[in-house]
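Take a look at the structure below.
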Amino acid sequence: MRADGMQWIGRLVAAVFALGVLALVGGIAVQLNQAEGVPPLPVFLGVVGLAVLILMAGACLALISMASSARQGAEALRRMSLRGGELRAVGPATEAPAPFTPTNFAEPQPQQAPAKPAPIRPARPAGRSLVAER
(Lines give C-alpha, C1' and ligand atoms only; values in the text may rest on other atoms or scores of the structure.)
Protein backbone atom coordinates (compact mmCIF):
# COMPACT_ATOMS: atom_id res chain seq x y z
CA MET A 1 0.00 0.00 0.00
CA ARG A 2 1.49 3.28 -1.12
CA ALA A 3 1.52 6.15 1.37
CA ASP A 4 0.36 9.51 0.07
CA GLY A 5 1.60 12.99 0.94
CA MET A 6 -0.74 13.48 3.88
CA GLN A 7 0.57 10.38 5.61
CA TRP A 8 4.16 11.52 5.10
CA ILE A 9 3.35 14.94 6.55
CA GLY A 10 1.75 13.22 9.54
CA ARG A 11 4.87 11.14 10.03
CA LEU A 12 6.98 14.28 9.76
CA VAL A 13 4.88 15.98 12.45
CA ALA A 14 5.28 12.94 14.69
CA ALA A 15 9.06 12.96 14.15
CA VAL A 16 9.33 16.69 14.93
CA PHE A 17 7.21 16.12 18.05
CA ALA A 18 9.48 13.29 19.22
CA LEU A 19 12.61 15.36 18.60
CA GLY A 20 11.10 18.33 20.43
CA VAL A 21 10.23 16.20 23.46
CA LEU A 22 13.73 14.74 23.53
CA ALA A 23 15.28 18.21 23.24
CA LEU A 24 13.13 19.61 26.06
CA VAL A 25 13.82 16.68 28.37
CA GLY A 26 17.54 16.83 27.55
CA GLY A 27 17.69 20.59 28.15
CA ILE A 28 15.95 20.28 31.51
CA ALA A 29 18.22 17.41 32.52
CA VAL A 30 21.36 19.42 31.65
CA GLN A 31 20.13 22.45 33.62
CA LEU A 32 19.21 20.32 36.62
CA ASN A 33 22.64 18.66 36.62
CA GLN A 34 24.47 21.99 36.43
CA ALA A 35 22.40 23.69 39.12
CA GLU A 36 23.28 23.54 42.78
CA GLY A 37 19.65 23.33 43.87
CA VAL A 38 16.47 22.65 41.96
CA PRO A 39 15.93 25.61 39.63
CA PRO A 40 12.14 26.10 39.40
CA LEU A 41 12.05 28.37 36.32
CA PRO A 42 13.78 25.98 33.84
CA VAL A 43 11.61 23.09 35.02
CA PHE A 44 8.47 25.21 34.72
CA LEU A 45 9.45 26.46 31.26
CA GLY A 46 10.21 22.90 30.18
CA VAL A 47 6.78 21.70 31.27
CA VAL A 48 5.11 24.67 29.56
CA GLY A 49 7.15 24.00 26.41
CA LEU A 50 6.11 20.35 26.49
CA ALA A 51 2.44 21.32 26.81
CA VAL A 52 2.75 23.77 23.89
CA LEU A 53 4.48 21.11 21.81
CA ILE A 54 1.71 18.60 22.52
CA LEU A 55 -0.99 21.13 21.59
CA MET A 56 0.78 22.15 18.37
CA ALA A 57 1.32 18.54 17.28
CA GLY A 58 -2.33 17.72 18.03
CA ALA A 59 -3.53 20.72 16.03
CA CYS A 60 -1.31 19.79 13.08
CA LEU A 61 -2.48 16.19 13.08
CA ALA A 62 -6.13 17.32 13.34
CA LEU A 63 -5.71 19.60 10.32
CA ILE A 64 -4.03 16.82 8.36
CA SER A 65 -6.87 14.44 9.25
CA MET A 66 -9.51 16.95 8.18
CA ALA A 67 -7.71 17.60 4.89
CA SER A 68 -7.43 13.88 4.20
CA SER A 69 -11.13 13.35 4.93
CA ALA A 70 -12.09 16.27 2.69
CA ARG A 71 -9.95 14.90 -0.11
CA GLN A 72 -11.56 11.46 0.18
CA GLY A 73 -15.01 13.08 0.07
CA ALA A 74 -14.08 15.10 -3.01
CA GLU A 75 -12.79 11.96 -4.74
CA ALA A 76 -16.03 10.14 -3.90
CA LEU A 77 -18.08 13.02 -5.33
CA ARG A 78 -15.93 13.04 -8.46
CA ARG A 79 -16.42 9.28 -8.95
CA MET A 80 -20.16 9.70 -8.42
CA SER A 81 -20.32 12.50 -11.00
CA LEU A 82 -18.48 10.31 -13.52
CA ARG A 83 -21.16 7.63 -13.07
CA GLY A 84 -23.80 10.15 -14.04
CA GLY A 85 -24.86 11.14 -10.53
CA GLU A 86 -26.92 8.03 -9.92
CA LEU A 87 -27.16 6.72 -6.40
CA ARG A 88 -27.65 3.03 -5.87
CA ALA A 89 -30.03 1.99 -3.14
CA VAL A 90 -28.57 -0.30 -0.53
CA GLY A 91 -31.82 -1.77 0.72
CA PRO A 92 -35.00 -2.75 -1.09
CA ALA A 93 -36.43 0.04 -3.24
CA THR A 94 -39.69 1.22 -1.69
CA GLU A 95 -41.69 4.29 -2.49
CA ALA A 96 -41.71 6.60 0.50
CA PRO A 97 -44.76 8.81 0.91
CA ALA A 98 -44.39 12.52 0.41
CA PRO A 99 -43.30 14.32 3.58
CA PHE A 100 -46.54 16.26 4.13
CA THR A 101 -49.50 14.11 3.24
CA PRO A 102 -52.67 13.46 5.24
CA THR A 103 -51.50 9.90 5.93
CA ASN A 104 -48.49 11.22 7.85
CA PHE A 105 -50.72 13.28 10.13
CA ALA A 106 -53.23 10.52 10.88
CA GLU A 107 -54.26 10.03 14.47
CA PRO A 108 -52.28 7.36 16.26
CA GLN A 109 -54.12 4.11 16.79
CA PRO A 110 -55.08 3.42 20.41
CA GLN A 111 -52.99 0.70 21.94
CA GLN A 112 -54.72 -2.49 22.85
CA ALA A 113 -54.91 -3.41 26.50
CA PRO A 114 -52.88 -6.48 27.48
CA ALA A 115 -54.96 -9.62 27.22
CA LYS A 116 -53.71 -11.19 30.42
CA PRO A 117 -53.09 -9.22 33.63
CA ALA A 118 -49.71 -9.43 35.29
CA PRO A 119 -49.32 -12.13 37.96
CA ILE A 120 -50.07 -11.03 41.49
CA ARG A 121 -47.27 -11.27 44.05
CA PRO A 122 -47.89 -13.29 47.18
CA ALA A 123 -48.52 -11.25 50.29
CA ARG A 124 -45.50 -10.59 52.48
CA PRO A 125 -45.53 -12.01 55.98
CA ALA A 126 -46.49 -9.46 58.57
CA GLY A 127 -44.12 -8.60 61.40
CA ARG A 128 -40.41 -8.26 61.65
CA SER A 129 -38.05 -11.02 60.68
CA LEU A 130 -34.44 -11.44 61.67
CA VAL A 131 -32.10 -11.32 58.69
CA ALA A 132 -28.65 -11.61 60.28
CA GLU A 133 -27.12 -11.99 63.70
CA ARG A 134 -23.99 -10.39 65.04
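Residues in the C-alpha coordinates are named by chain (A, B, ... in the order shown) and by number from 1 within that chain; ligands are numbered from 1 in the order shown.
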task: Using only C-alpha atoms, determine which residues lie at most 12 Å from Leu41 of chain A, disregarding the query and same-chain residues fewer than 5 positions distant; provide the list as a PyMOL selection string.
output: chain A and resi 28+31-32+35+46-49
Selected residues written out, N, CA and C atoms, as a PDB file, in the first residue's frame:
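File produced: part-v5.pdb:
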```pdb
ATOM      1  N   ILE A  28      16.277  20.207  30.074  1.00  0.00           N
ATOM      2  CA  ILE A  28      15.945  20.277  31.506  1.00  0.00           C
ATOM      3  C   ILE A  28      16.929  19.439  32.315  1.00  0.00           C
ATOM      4  N   GLN A  31      20.235  21.342  32.668  1.00  0.00           N
ATOM      5  CA  GLN A  31      20.130  22.453  33.615  1.00  0.00           C
ATOM      6  C   GLN A  31      20.009  21.962  35.049  1.00  0.00           C
ATOM      7  N   LEU A  32      19.319  20.855  35.261  1.00  0.00           N
ATOM      8  CA  LEU A  32      19.207  20.323  36.621  1.00  0.00           C
ATOM      9  C   LEU A  32      20.543  19.774  37.111  1.00  0.00           C
ATOM     10  N   ALA A  35      22.852  22.809  38.029  1.00  0.00           N
ATOM     11  CA  ALA A  35      22.396  23.685  39.115  1.00  0.00           C
ATOM     12  C   ALA A  35      22.790  23.101  40.466  1.00  0.00           C
ATOM     13  N   GLY A  46      10.183  24.173  30.901  1.00  0.00           N
ATOM     14  CA  GLY A  46      10.213  22.897  30.181  1.00  0.00           C
ATOM     15  C   GLY A  46       8.848  22.245  30.132  1.00  0.00           C
ATOM     16  N   VAL A  47       8.121  22.283  31.245  1.00  0.00           N
ATOM     17  CA  VAL A  47       6.778  21.700  31.273  1.00  0.00           C
ATOM     18  C   VAL A  47       5.831  22.505  30.387  1.00  0.00           C
ATOM     19  N   VAL A  48       5.946  23.826  30.427  1.00  0.00           N
ATOM     20  CA  VAL A  48       5.109  24.669  29.558  1.00  0.00           C
ATOM     21  C   VAL A  48       5.451  24.410  28.088  1.00  0.00           C
ATOM     22  N   GLY A  49       6.740  24.302  27.785  1.00  0.00           N
ATOM     23  CA  GLY A  49       7.148  23.999  26.407  1.00  0.00           C
ATOM     24  C   GLY A  49       6.631  22.658  25.943  1.00  0.00           C
TER      25      GLY A  49
END
```
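The shortest atom-to-atom distance to Ala23 of chain A, with only C-alpha atoms taken into account, belongs to A:Leu50 out of A:Ala62, A:Val131, A:Leu50, A:Leu55.
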task: Identify, on the basis of only C-alpha atoms, every residue whose closest approach to segment 12-14 of chain A does not exceed 12 Å; exclude the query and any residue fewer than 3 positions from it along the same chain; express the result as a ChimeraX atom specification.
output: /A:5-9,17-21,53-54,56-64
